[in-house]
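Data block for protein.csv (CSV, C-alpha atoms):
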```
chain,number,residue,atom,x,y,z
V,1,MET,CA,315.5,-24.2,-26.5
V,2,GLN,CA,316.4,-26.3,-23.5
V,3,PRO,CA,314.2,-24.5,-20.9
V,4,ALA,CA,311.2,-25.2,-23.1
V,5,VAL,CA,312.1,-28.9,-22.9
V,6,THR,CA,312.1,-28.7,-19.2
V,7,ASP,CA,308.7,-27.1,-19.2
V,8,HIS,CA,307.1,-29.6,-21.5
V,9,SER,CA,308.5,-32.6,-19.6
V,10,GLN,CA,305.9,-31.9,-16.9
V,11,GLY,CA,303.3,-33.9,-18.9
V,12,ASP,CA,302.2,-31.6,-21.7
V,13,THR,CA,300.8,-34.2,-24.1
V,14,LYS,CA,299.7,-31.6,-26.6
V,15,ALA,CA,303.2,-30.3,-26.9
V,16,TYR,CA,304.6,-33.8,-27.4
V,17,TRP,CA,302.1,-34.4,-30.2
V,18,LEU,CA,303.2,-31.2,-31.8
V,19,ALA,CA,306.8,-32.2,-31.5
V,20,LEU,CA,306.1,-35.5,-33.3
V,21,LEU,CA,304.2,-33.7,-36.0
V,22,ARG,CA,307.2,-31.3,-36.4
V,23,THR,CA,309.8,-34.1,-36.7
V,24,PRO,CA,311.2,-34.1,-40.2
V,25,GLY,CA,310.9,-37.4,-42.1
V,26,LEU,CA,308.6,-39.0,-39.6
V,27,GLY,CA,305.2,-38.3,-41.2
V,28,SER,CA,301.8,-39.8,-40.3
V,29,ARG,CA,302.8,-43.3,-41.1
V,30,GLY,CA,305.9,-43.1,-39.0
V,31,ILE,CA,303.8,-41.7,-36.1
V,32,HIS,CA,301.3,-44.7,-36.6
V,33,GLN,CA,304.2,-47.1,-36.3
V,34,LEU,CA,305.5,-45.3,-33.2
V,35,LEU,CA,302.1,-45.5,-31.5
V,36,GLU,CA,301.9,-49.2,-32.2
V,37,GLN,CA,305.2,-49.7,-30.4
V,38,THR,CA,304.6,-47.2,-27.6
V,39,PRO,CA,301.1,-45.6,-27.2
V,40,ASN,CA,302.5,-43.5,-24.3
V,41,ILE,CA,304.1,-40.7,-26.4
V,42,SER,CA,305.3,-38.9,-23.3
V,43,SER,CA,307.9,-41.7,-22.8
V,44,LEU,CA,309.5,-40.5,-26.1
V,45,PHE,CA,310.4,-37.2,-24.6
V,46,GLU,CA,311.5,-38.1,-21.0
V,47,ALA,CA,314.9,-37.2,-19.9
V,48,GLY,CA,317.3,-39.3,-22.1
V,49,ALA,CA,314.3,-41.1,-23.6
V,50,PRO,CA,315.8,-44.6,-23.1
V,51,ILE,CA,312.8,-46.2,-24.9
V,52,LEU,CA,314.1,-44.6,-28.2
V,53,GLU,CA,316.9,-47.2,-28.4
V,54,SER,CA,314.4,-50.1,-28.4
V,55,LEU,CA,312.2,-48.6,-31.2
V,56,THR,CA,312.6,-49.3,-34.9
V,57,LEU,CA,313.7,-45.9,-36.0
V,58,LYS,CA,316.1,-44.4,-38.4
V,59,PRO,CA,319.1,-43.0,-36.5
V,60,LYS,CA,318.4,-39.5,-37.8
V,61,ILE,CA,314.8,-39.5,-36.7
V,62,ARG,CA,315.9,-41.0,-33.3
V,63,GLU,CA,318.3,-38.0,-32.9
V,64,GLN,CA,315.6,-35.5,-33.9
V,65,LEU,CA,313.2,-36.9,-31.2
V,66,ARG,CA,316.0,-36.5,-28.7
V,67,GLN,CA,316.3,-32.8,-29.6
V,68,PRO,CA,312.8,-31.6,-30.9
V,69,ASN,CA,312.4,-28.1,-32.3
V,70,TRP,CA,310.6,-26.7,-29.3
V,71,ALA,CA,310.6,-23.2,-30.8
V,72,LEU,CA,308.2,-24.4,-33.5
V,73,VAL,CA,306.2,-26.3,-30.9
V,74,GLU,CA,305.8,-23.1,-28.9
V,75,GLN,CA,304.5,-21.3,-32.0
V,76,ASP,CA,302.0,-24.0,-32.6
V,77,LEU,CA,300.8,-23.8,-29.0
V,78,ALA,CA,300.4,-20.1,-29.4
V,79,TRP,CA,298.2,-20.7,-32.4
V,80,LEU,CA,296.1,-23.2,-30.5
V,81,GLU,CA,295.5,-20.7,-27.8
V,82,GLN,CA,293.7,-18.5,-30.2
V,83,PRO,CA,289.8,-18.6,-30.3
V,84,ASP,CA,288.3,-21.6,-32.1
V,85,ASN,CA,291.6,-23.3,-32.8
V,86,HIS,CA,292.0,-27.0,-31.9
V,87,LEU,CA,294.2,-30.0,-32.3
V,88,ILE,CA,292.6,-33.5,-32.6
V,89,THR,CA,295.0,-36.5,-32.5
V,90,LEU,CA,294.4,-40.1,-33.3
V,91,GLN,CA,294.3,-40.8,-29.6
V,92,ASP,CA,291.4,-38.4,-29.0
V,93,PRO,CA,287.8,-39.7,-28.9
V,94,GLU,CA,286.8,-36.7,-31.1
V,95,TYR,CA,288.9,-38.0,-34.0
V,96,PRO,CA,286.4,-38.7,-36.9
V,97,THR,CA,285.6,-42.4,-37.0
V,98,LEU,CA,285.3,-42.7,-40.8
V,99,LEU,CA,288.7,-41.1,-41.3
V,100,ARG,CA,290.3,-43.2,-38.6
V,101,GLU,CA,289.3,-46.3,-40.5
V,102,THR,CA,291.1,-45.4,-43.7
V,103,ALA,CA,294.4,-46.9,-44.6
V,104,ASP,CA,296.4,-43.7,-44.0
V,105,PRO,CA,294.6,-41.4,-41.6
V,106,PRO,CA,296.4,-38.2,-40.6
V,107,ALA,CA,298.1,-38.5,-37.2
V,108,ALA,CA,296.4,-35.3,-36.2
V,109,LEU,CA,294.1,-32.6,-37.5
V,110,PHE,CA,294.4,-28.9,-36.9
V,111,VAL,CA,290.9,-27.4,-36.8
V,112,HIS,CA,289.6,-23.8,-36.9
V,113,GLY,CA,285.9,-23.7,-36.2
V,114,ASP,CA,283.6,-26.3,-34.8
V,115,PRO,CA,285.5,-29.6,-34.2
V,116,MET,CA,282.3,-31.5,-33.5
V,117,LEU,CA,281.4,-31.0,-37.2
V,118,LEU,CA,283.9,-33.7,-38.2
V,119,ALA,CA,281.6,-36.4,-36.8
V,120,SER,CA,278.6,-35.2,-38.8
V,121,PRO,CA,277.4,-37.0,-42.0
V,122,GLN,CA,279.3,-35.5,-44.9
V,123,ILE,CA,279.1,-35.5,-48.7
V,124,ALA,CA,282.2,-34.3,-50.5
V,125,ILE,CA,281.7,-32.2,-53.7
V,126,VAL,CA,284.8,-31.8,-55.9
V,127,GLY,CA,285.5,-30.7,-59.5
V,128,SER,CA,287.3,-28.4,-61.9
V,129,ARG,CA,289.1,-25.2,-60.8
V,130,ASN,CA,287.9,-23.8,-64.1
V,131,PRO,CA,284.3,-25.0,-64.5
V,132,THR,CA,281.7,-23.8,-66.9
V,133,THR,CA,279.0,-21.5,-65.7
V,134,SER,CA,276.6,-24.4,-65.7
V,135,GLY,CA,279.0,-26.6,-63.7
V,136,LYS,CA,279.5,-23.9,-61.1
V,137,SER,CA,275.7,-23.4,-60.7
V,138,THR,CA,275.2,-27.2,-60.5
V,139,ALA,CA,277.7,-27.5,-57.7
V,140,LYS,CA,276.1,-24.7,-55.8
V,141,GLU,CA,272.6,-26.0,-56.3
V,142,PHE,CA,273.5,-29.6,-55.2
V,143,ALA,CA,275.4,-28.2,-52.1
V,144,ARG,CA,272.5,-26.0,-51.2
V,145,TYR,CA,270.0,-28.8,-51.4
V,146,LEU,CA,272.1,-31.4,-49.5
V,147,ALA,CA,273.1,-28.9,-46.8
V,148,GLY,CA,269.5,-27.9,-46.4
V,149,ALA,CA,268.7,-31.6,-45.8
V,150,GLY,CA,271.2,-31.6,-42.9
V,151,ILE,CA,274.2,-33.0,-44.6
V,152,THR,CA,277.6,-31.3,-44.2
V,153,ILE,CA,279.3,-30.3,-47.4
V,154,THR,CA,283.0,-31.1,-47.5
V,155,SER,CA,285.4,-29.7,-50.1
V,156,GLY,CA,288.9,-28.3,-50.6
V,157,LEU,CA,288.5,-24.5,-50.7
V,158,ALA,CA,289.9,-24.3,-54.2
V,159,ILE,CA,288.5,-21.9,-56.8
V,160,GLY,CA,285.8,-23.3,-59.1
V,161,ILE,CA,283.6,-26.2,-58.0
V,162,ASP,CA,285.1,-26.3,-54.5
V,163,GLY,CA,284.3,-22.7,-53.8
V,164,ALA,CA,280.8,-23.0,-55.3
V,165,SER,CA,280.1,-26.0,-53.1
V,166,HIS,CA,281.0,-24.2,-49.9
V,167,GLN,CA,279.0,-21.1,-51.0
V,168,GLY,CA,275.9,-23.3,-51.7
V,169,ALA,CA,276.1,-24.8,-48.2
V,170,LEU,CA,276.4,-21.4,-46.6
V,171,GLU,CA,273.5,-20.0,-48.6
V,172,ALA,CA,271.3,-22.9,-47.2
V,173,HIS,CA,272.5,-21.9,-43.7
V,174,GLY,CA,274.0,-25.4,-43.6
V,175,ALA,CA,277.4,-26.8,-42.5
V,176,THR,CA,280.5,-27.0,-44.6
V,177,ILE,CA,284.1,-28.2,-44.0
V,178,ALA,CA,287.0,-26.9,-46.0
V,179,VAL,CA,290.1,-29.2,-46.0
V,180,THR,CA,293.2,-27.3,-46.9
V,181,GLY,CA,296.6,-28.1,-48.2
V,182,THR,CA,298.3,-25.4,-46.1
V,183,GLY,CA,298.6,-24.5,-42.4
V,184,LEU,CA,295.5,-22.8,-41.1
V,185,ASP,CA,297.3,-19.5,-40.5
V,186,ARG,CA,297.1,-18.8,-44.2
V,187,VAL,CA,294.4,-19.2,-46.9
V,188,TYR,CA,295.1,-20.7,-50.3
V,189,PRO,CA,294.0,-19.4,-52.7
V,190,ALA,CA,294.2,-15.9,-51.1
V,191,SER,CA,291.1,-14.9,-53.1
V,192,HIS,CA,289.1,-17.2,-50.8
V,193,HIS,CA,290.0,-15.4,-47.6
V,194,THR,CA,286.5,-14.0,-47.2
V,195,LEU,CA,285.0,-17.4,-47.9
V,196,ALA,CA,287.2,-19.1,-45.3
V,197,LYS,CA,286.2,-16.5,-42.8
V,198,GLN,CA,282.5,-17.0,-43.6
V,199,ILE,CA,282.8,-20.8,-43.2
V,200,ALA,CA,284.2,-20.5,-39.7
V,201,GLN,CA,281.8,-17.7,-38.6
V,202,GLN,CA,278.7,-19.7,-39.8
V,203,GLY,CA,279.5,-22.7,-37.7
V,204,GLY,CA,281.7,-24.6,-40.2
V,205,ALA,CA,285.3,-25.7,-39.9
V,206,LEU,CA,288.6,-25.4,-41.7
V,207,ILE,CA,290.9,-28.4,-41.2
V,208,THR,CA,294.3,-29.6,-42.2
V,209,GLU,CA,297.0,-32.1,-41.2
V,210,PHE,CA,299.7,-29.4,-41.8
V,211,PRO,CA,301.0,-27.3,-38.9
V,212,PRO,CA,300.7,-23.5,-38.9
V,213,GLY,CA,303.1,-21.8,-41.3
V,214,THR,CA,303.0,-24.6,-43.9
V,215,PRO,CA,302.8,-23.1,-47.4
V,216,ALA,CA,301.0,-24.5,-50.4
V,217,ARG,CA,303.0,-27.2,-52.2
V,218,ALA,CA,301.9,-29.4,-55.1
V,219,GLY,CA,302.4,-32.6,-53.0
V,220,HIS,CA,300.1,-31.4,-50.3
V,221,PHE,CA,296.9,-31.6,-52.4
V,222,PRO,CA,296.7,-35.3,-53.0
V,223,ARG,CA,297.2,-35.8,-49.3
V,224,ARG,CA,294.4,-33.2,-48.7
V,225,ASN,CA,292.2,-35.1,-51.1
V,226,ARG,CA,292.4,-38.4,-49.1
V,227,ILE,CA,291.1,-36.5,-46.1
V,228,ILE,CA,288.2,-35.0,-48.1
V,229,SER,CA,287.1,-38.5,-49.2
V,230,GLY,CA,288.0,-40.1,-45.9
V,231,LEU,CA,285.7,-37.9,-43.9
V,232,SER,CA,282.7,-38.4,-46.3
V,233,LEU,CA,280.0,-41.0,-46.9
V,234,GLY,CA,280.4,-40.3,-50.6
V,235,VAL,CA,282.1,-38.1,-53.1
V,236,LEU,CA,280.3,-36.2,-55.9
V,237,VAL,CA,282.3,-35.1,-59.0
V,238,VAL,CA,280.6,-32.3,-60.8
V,239,GLU,CA,283.0,-31.4,-63.7
V,240,ALA,CA,286.5,-32.8,-64.2
V,241,ALA,CA,288.9,-33.2,-67.0
V,242,LEU,CA,290.3,-36.7,-67.7
V,243,ARG,CA,293.5,-35.9,-65.8
V,244,SER,CA,292.6,-33.9,-62.7
V,245,GLY,CA,292.9,-33.9,-58.9
V,246,SER,CA,289.2,-34.5,-58.7
V,247,LEU,CA,289.6,-38.0,-60.3
V,248,ILE,CA,292.4,-38.7,-57.8
V,249,THR,CA,289.9,-37.9,-55.0
V,250,ALA,CA,287.3,-40.2,-56.7
V,251,ARG,CA,289.9,-43.0,-56.9
V,252,GLN,CA,290.9,-42.5,-53.2
V,253,ALA,CA,287.2,-42.6,-52.3
V,254,THR,CA,286.8,-45.9,-54.1
V,255,GLU,CA,289.8,-47.3,-52.3
V,256,GLN,CA,288.3,-46.2,-49.0
V,257,GLY,CA,285.1,-47.9,-49.7
V,258,ARG,CA,283.1,-44.7,-50.2
V,259,GLU,CA,280.3,-44.1,-52.8
V,260,VAL,CA,281.3,-42.1,-55.8
V,261,PHE,CA,278.8,-40.1,-57.8
V,262,ALA,CA,279.2,-38.1,-61.0
V,263,ILE,CA,277.1,-35.7,-63.0
V,264,PRO,CA,277.1,-36.4,-66.7
V,265,GLY,CA,277.4,-33.6,-69.2
V,266,SER,CA,277.6,-32.8,-72.9
V,267,ILE,CA,279.9,-35.1,-75.0
V,268,HIS,CA,281.3,-31.8,-76.4
V,269,ASN,CA,282.4,-30.5,-73.0
V,270,PRO,CA,286.0,-31.5,-72.1
V,271,LEU,CA,285.1,-31.1,-68.4
V,272,ALA,CA,282.4,-33.8,-68.7
V,273,ARG,CA,284.9,-36.4,-69.8
V,274,GLY,CA,286.3,-37.1,-66.4
V,275,CYS,CA,282.8,-37.7,-65.1
V,276,HIS,CA,282.0,-40.0,-68.0
V,277,ALA,CA,285.2,-41.9,-67.4
V,278,ILE,CA,284.4,-42.7,-63.7
V,279,ILE,CA,280.8,-43.5,-64.5
V,280,ARG,CA,282.1,-46.2,-66.9
V,281,GLN,CA,284.3,-47.4,-64.0
V,282,GLY,CA,281.4,-47.8,-61.7
V,283,ALA,CA,280.6,-44.3,-60.3
V,284,LYS,CA,276.8,-43.7,-59.9
V,285,LEU,CA,275.3,-41.3,-62.4
V,286,VAL,CA,273.2,-38.7,-60.7
V,287,GLU,CA,270.8,-36.1,-62.1
V,288,THR,CA,269.4,-34.6,-58.9
V,289,ALA,CA,270.7,-34.2,-55.3
V,290,GLN,CA,267.8,-36.4,-54.2
V,291,ASP,CA,269.5,-39.2,-56.2
V,292,ILE,CA,272.4,-39.0,-53.7
V,293,ILE,CA,270.1,-39.0,-50.7
V,294,GLU,CA,268.2,-42.0,-52.0
V,295,GLU,CA,271.4,-43.9,-52.7
V,296,LEU,CA,272.8,-43.2,-49.2
V,297,GLY,CA,269.4,-43.4,-47.5
V,298,PRO,CA,270.2,-46.2,-45.1
V,299,LEU,CA,273.3,-44.6,-43.9
V,300,LEU,CA,271.9,-41.1,-43.7
V,301,CYS,CA,268.7,-42.1,-41.9
V,302,THR,CA,270.8,-43.4,-39.0
V,303,LEU,CA,272.5,-40.0,-38.7
V,304,ILE,CA,269.9,-37.4,-39.6
V,305,PRO,CA,266.2,-37.2,-38.4
V,306,ASN,CA,263.8,-38.3,-41.2
V,307,GLU,CA,261.8,-35.1,-41.0
V,308,GLU,CA,265.0,-33.1,-41.6
V,309,LEU,CA,266.3,-35.3,-44.4
V,310,GLY,CA,263.1,-35.6,-46.4
V,311,THR,CA,262.3,-38.4,-48.7
V,312,GLU,CA,260.8,-36.7,-51.8
V,313,THR,CA,262.2,-34.6,-54.6
V,314,PRO,CA,260.8,-31.1,-54.7
V,315,ASP,CA,257.9,-30.7,-57.1
V,316,SER,CA,259.9,-28.8,-59.7
V,317,GLU,CA,257.5,-29.2,-62.5
V,318,LYS,CA,254.7,-27.6,-60.6
V,319,THR,CA,257.1,-24.7,-59.8
V,320,PHE,CA,258.0,-24.3,-63.4
V,321,GLU,CA,254.3,-24.2,-64.5
V,322,THR,CA,253.3,-21.6,-61.9
V,323,ASP,CA,256.3,-19.5,-61.2
V,324,PRO,CA,256.2,-16.4,-63.5
V,325,GLU,CA,260.0,-16.1,-63.7
V,326,TYR,CA,260.4,-19.7,-64.9
V,327,CYS,CA,257.6,-19.1,-67.4
V,328,GLN,CA,259.3,-15.9,-68.6
V,329,LEU,CA,262.6,-17.7,-69.0
V,330,LEU,CA,261.1,-20.7,-70.9
V,331,GLU,CA,259.3,-18.3,-73.2
V,332,THR,CA,262.7,-16.5,-73.9
V,333,ILE,CA,264.6,-19.7,-74.8
V,334,GLY,CA,264.0,-20.9,-78.3
V,335,TYR,CA,264.5,-24.3,-79.9
V,336,ASP,CA,267.8,-23.1,-81.5
V,337,PRO,CA,270.8,-22.8,-79.2
V,338,MET,CA,271.1,-19.4,-77.3
V,339,SER,CA,274.0,-18.2,-75.3
V,340,ILE,CA,273.5,-17.4,-71.7
V,341,ASP,CA,274.3,-13.7,-72.4
V,342,GLU,CA,271.4,-13.7,-75.0
V,343,ILE,CA,269.1,-15.3,-72.5
V,344,ILE,CA,269.9,-12.9,-69.8
V,345,ALA,CA,269.5,-9.9,-72.1
V,346,GLN,CA,266.2,-11.0,-73.6
V,347,SER,CA,264.6,-12.3,-70.4
V,348,GLY,CA,265.5,-9.3,-68.2
V,349,LEU,CA,266.5,-11.6,-65.4
V,350,THR,CA,269.7,-11.4,-63.4
V,351,ALA,CA,272.7,-13.5,-64.4
V,352,GLU,CA,272.6,-15.4,-61.1
V,353,ALA,CA,268.9,-16.1,-61.4
V,354,VAL,CA,269.3,-17.4,-65.0
V,355,SER,CA,272.2,-19.7,-64.1
V,356,SER,CA,270.3,-21.2,-61.2
V,357,MET,CA,267.1,-21.6,-63.1
V,358,LEU,CA,268.8,-23.1,-66.2
V,359,LEU,CA,270.3,-25.8,-64.0
V,360,LEU,CA,266.9,-26.8,-62.6
V,361,LEU,CA,265.3,-26.7,-66.0
V,362,GLU,CA,268.0,-28.8,-67.5
V,363,LEU,CA,267.8,-31.4,-64.7
V,364,GLU,CA,264.1,-31.6,-65.3
V,365,GLY,CA,264.4,-32.0,-69.0
V,366,TYR,CA,262.9,-28.6,-70.1
V,367,VAL,CA,266.2,-27.3,-71.7
V,368,SER,CA,269.4,-28.9,-72.9
V,369,SER,CA,272.9,-27.6,-73.0
V,370,ALA,CA,274.8,-27.2,-76.3
V,371,PRO,CA,278.5,-26.6,-77.1
V,372,GLY,CA,279.8,-23.1,-76.3
V,373,GLY,CA,277.6,-22.7,-73.2
V,374,CYS,CA,274.4,-22.4,-75.1
V,375,PHE,CA,270.9,-23.7,-74.2
V,376,SER,CA,267.8,-24.6,-76.1
V,377,ARG,CA,264.3,-25.9,-75.4
V,378,THR,CA,263.7,-29.6,-75.6
V,379,GLY,CA,260.0,-29.6,-76.5
V,380,LYS,CA,258.9,-30.8,-73.1
V,381,ALA,CA,255.6,-29.1,-72.3
```

Hey, can you dump this file as structure tokens for me?
Amino acid sequence: MQPAVTDHSQGDTKAYWLALLRTPGLGSRGIHQLLEQTPNISSLFEAGAPILESLTLKPKIREQLRQPNWALVEQDLAWLEQPDNHLITLQDPEYPTLLRETADPPAALFVHGDPMLLASPQIAIVGSRNPTTSGKSTAKEFARYLAGAGITITSGLAIGIDGASHQGALEAHGATIAVTGTGLDRVYPASHHTLAKQIAQQGGALITEFPPGTPARAGHFPRRNRIISGLSLGVLVVEAALRSGSLITARQATEQGREVFAIPGSIHNPLARGCHAIIRQGAKLVETAQDIIEELGPLLCTLIPNEELGTETPDSEKTFETDPEYCQLLETIGYDPMSIDEIIAQSGLTAEAVSSMLLLLELEGYVSSAPGGCFSRTGKA
């Protein structure tokens, strides 16, 4: 261990930061307090580190700073040497401004992918891990539209709404950021390994405040959520039960001064109750992705060129009237509730096409959802 200390004492600031991040019991808030007392972190690791005696530290933490775990630091440095891996600290100009301004910003962020993406205008999309088919399609459609307008989609890589949001952004060839509750040398859930790889390969980024090797733990995800909301201009909740992590993210967004949006749903859908609850508490009800763009317009226009952002909602009604597949689907759906399986079987369209088209038809008022995942015509011509 000691030879590594000698090597790092030559001014390796990155190694010093990693040593701070690896100090048990210190945490982001402890590092903030240290930086307030001594911005020059190299002084904490000089021979003997006399400055440690003058700092307000618990004796155990002071002792750990005298003898850092340089073996773990070396492992972290090896990870950082791999392609597209980065460490951005609070002292770096690349640290995202919006996140820096929150009450409890991470002391540092590990990044795999494009670190410049952290400064881009972002909308977070969050929701249930077990969404309805309609909810999953809604998340994907909103993400696709917003990403196509030049907005980065930020979410948590979880199954359900998170995954659908990332996929929607990728389908639009847009940017997406996945904030994880583990170290970036592992993917949680493991089923999203391919999705995580696609995000990085298509110009996105995976980020975390946890060093490599950190496993998934329950307490990590509320901390991850504050980063999701802190990076973003606003947070959209698609589907959420009354007690869910998505509502924690919405609450954190409110505390951080971010806009909170929610999509309403059927009163019979338990996953709509969380959205209805935060709408009653002041979240903005949205029916189309354009509602979000219009609400955030002044902020977005300063960050995204107008010709890329757009100012009008797509002419969906004209599409429905002229597109043969939409006409075919509307002719299939009756005024009595039909299940999605029945609609797919009778229309002859693919399941993916039906789910996507039903979302747009419902948003425009041509169909309405019913309990049990059924749909029926509304009577709109």

| field | Separation of CA of Ala143 (chain V) from CA of Ala169 (chain V), in Å and rounded to one decimal | value | 5.2 Å

Can you build me a table of region 131-176 of chain V residues sitting at most 10 Å from region 346-370 of chain V, with the closest atom pair per residue and its distance in Å to one decimal, using only C-alpha atoms, sorted by chain and residue number, as JSON lines?
```
{"residue": "V:Thr133", "atom": "CA", "partner": "V:Ser355", "partner_atom": "CA", "distance": 7.2}
{"residue": "V:Ser134", "atom": "CA", "partner": "V:Ser355", "partner_atom": "CA", "distance": 6.6}
{"residue": "V:Gly135", "atom": "CA", "partner": "V:Leu359", "partner_atom": "CA", "distance": 8.7}
{"residue": "V:Lys136", "atom": "CA", "partner": "V:Ser355", "partner_atom": "CA", "distance": 8.9}
{"residue": "V:Ser137", "atom": "CA", "partner": "V:Ser356", "partner_atom": "CA", "distance": 5.9}
{"residue": "V:Thr138", "atom": "CA", "partner": "V:Leu359", "partner_atom": "CA", "distance": 6.2}
{"residue": "V:Ala139", "atom": "CA", "partner": "V:Leu359", "partner_atom": "CA", "distance": 9.9}
{"residue": "V:Lys140", "atom": "CA", "partner": "V:Ser356", "partner_atom": "CA", "distance": 8.7}
{"residue": "V:Glu141", "atom": "CA", "partner": "V:Ser356", "partner_atom": "CA", "distance": 7.2}
```

| Nearby residues (all atoms listed in the file) at most 7 Å from region 208-212 of chain V, same-chain spacing under 2 positions excluded, as a ChimeraX atom specification | /V:76,106,108-111,179-185,214

| task | Figure out the distance between CA of Ala175 (chain V) and CA of His86 (chain V), please, to one decimal in Å. | result |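 Rounded to one decimal, the two atoms are 18.0 Å apart.
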
| Within 9 Å of region 13-21 of chain V, counting only C-alpha atoms, which residues qualify if same-chain residues fewer than 5 places away don't, as a list in words? | His8, Leu26, Gly27, Ser28, Ile31, Ile41, Ser42, Leu44, Phe45, Leu65, Pro68, Asn69, Trp70, Leu72, Val73, Glu74, Asp76, Leu77, Leu87, Thr89, Ala107, Ala108, Phe210 and Pro211 of chain V

| said: Which residue is closest to Ala147 (chain V)? Choose from V:Leu300, V:Ile123, V:Ile248, V:Ile159 and count all atoms listed in the file. | reply: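 The answer is V:Ile123, which sits nearest to Ala147 (chain V).
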
Could you name the residues that touch Arg144 (chain V) at 9 Å or less, counting all atoms listed in the file, but leaving out those on the same chain fewer than 3 positions away, as a PDB file with C-alpha atoms, in the coordinates of the input?
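Output file part_28.pdb is given in full below:
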```
ATOM      1  CA  ALA V 139     277.700 -27.500 -57.700  1.00  0.00           C
ATOM      2  CA  LYS V 140     276.100 -24.700 -55.800  1.00  0.00           C
ATOM      3  CA  GLU V 141     272.600 -26.000 -56.300  1.00  0.00           C
ATOM      4  CA  ALA V 147     273.100 -28.900 -46.800  1.00  0.00           C
ATOM      5  CA  GLY V 148     269.500 -27.900 -46.400  1.00  0.00           C
ATOM      6  CA  ALA V 149     268.700 -31.600 -45.800  1.00  0.00           C
ATOM      7  CA  ILE V 153     279.300 -30.300 -47.400  1.00  0.00           C
ATOM      8  CA  SER V 165     280.100 -26.000 -53.100  1.00  0.00           C
ATOM      9  CA  HIS V 166     281.000 -24.200 -49.900  1.00  0.00           C
ATOM     10  CA  GLN V 167     279.000 -21.100 -51.000  1.00  0.00           C
ATOM     11  CA  GLY V 168     275.900 -23.300 -51.700  1.00  0.00           C
ATOM     12  CA  ALA V 169     276.100 -24.800 -48.200  1.00  0.00           C
ATOM     13  CA  LEU V 170     276.400 -21.400 -46.600  1.00  0.00           C
ATOM     14  CA  GLU V 171     273.500 -20.000 -48.600  1.00  0.00           C
ATOM     15  CA  ALA V 172     271.300 -22.900 -47.200  1.00  0.00           C
ATOM     16  CA  HIS V 173     272.500 -21.900 -43.700  1.00  0.00           C
ATOM     17  CA  GLY V 174     274.000 -25.400 -43.600  1.00  0.00           C
TER      18      GLY V 174
END
```

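Proximity of V:Thr249, V:Gln201, V:Ser266, V:Ser54 to His112 (chain V), computed with all atoms listed in the file, is greatest for V:Gln201.
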
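Reported to one decimal place, the separation of CA of Gly245 (chain V) from CA of Pro222 (chain V) is 7.2 Å.
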
For region 155-167 of chain V, write N, CA and C atoms out as an mmCIF file, in the first residue's frame.
```cif
data_model
loop_
_atom_site.group_PDB
_atom_site.id
_atom_site.type_symbol
_atom_site.label_atom_id
_atom_site.label_comp_id
_atom_site.auth_asym_id
_atom_site.auth_seq_id
_atom_site.Cartn_x
_atom_site.Cartn_y
_atom_site.Cartn_z
ATOM 1 N N SER V 155 -33.198 9.211 -17.233
ATOM 2 C CA SER V 155 -33.993 8.289 -16.415
ATOM 3 C C SER V 155 -33.046 7.365 -15.658
ATOM 4 N N GLY V 156 -33.607 6.327 -15.022
ATOM 5 C CA GLY V 156 -32.819 5.535 -14.088
ATOM 6 C C GLY V 156 -32.460 4.127 -14.487
ATOM 7 N N LEU V 157 -32.672 3.756 -15.768
ATOM 8 C CA LEU V 157 -32.289 2.448 -16.307
ATOM 9 C C LEU V 157 -33.079 1.282 -15.708
ATOM 10 N N ALA V 158 -34.094 1.555 -14.899
ATOM 11 C CA ALA V 158 -34.887 0.478 -14.312
ATOM 12 C C ALA V 158 -35.785 -0.140 -15.379
ATOM 13 N N ILE V 159 -36.345 -1.302 -15.081
ATOM 14 C CA ILE V 159 -37.311 -1.898 -15.991
ATOM 15 C C ILE V 159 -38.588 -1.055 -15.971
ATOM 16 N N GLY V 160 -39.423 -1.215 -16.963
ATOM 17 C CA GLY V 160 -40.680 -0.479 -16.992
ATOM 18 C C GLY V 160 -40.550 0.863 -17.688
ATOM 19 N N ILE V 161 -41.059 1.909 -17.041
ATOM 20 C CA ILE V 161 -41.105 3.245 -17.641
ATOM 21 C C ILE V 161 -39.706 3.766 -17.946
ATOM 22 N N ASP V 162 -38.744 3.553 -17.034
ATOM 23 C CA ASP V 162 -37.375 4.024 -17.275
ATOM 24 C C ASP V 162 -36.823 3.453 -18.585
ATOM 25 N N GLY V 163 -36.897 2.136 -18.706
ATOM 26 C CA GLY V 163 -36.354 1.488 -19.892
ATOM 27 C C GLY V 163 -37.046 1.941 -21.167
ATOM 28 N N ALA V 164 -38.386 2.077 -21.109
ATOM 29 C CA ALA V 164 -39.135 2.524 -22.277
ATOM 30 C C ALA V 164 -38.723 3.937 -22.678
ATOM 31 N N SER V 165 -38.436 4.777 -21.706
ATOM 32 C CA SER V 165 -38.025 6.153 -21.983
ATOM 33 C C SER V 165 -36.676 6.193 -22.694
ATOM 34 N N HIS V 166 -35.722 5.414 -22.179
ATOM 35 C CA HIS V 166 -34.415 5.345 -22.843
ATOM 36 C C HIS V 166 -34.579 4.831 -24.281
ATOM 37 N N GLN V 167 -35.415 3.795 -24.449
ATOM 38 C CA GLN V 167 -35.591 3.203 -25.779
ATOM 39 C C GLN V 167 -36.241 4.190 -26.739
#
```
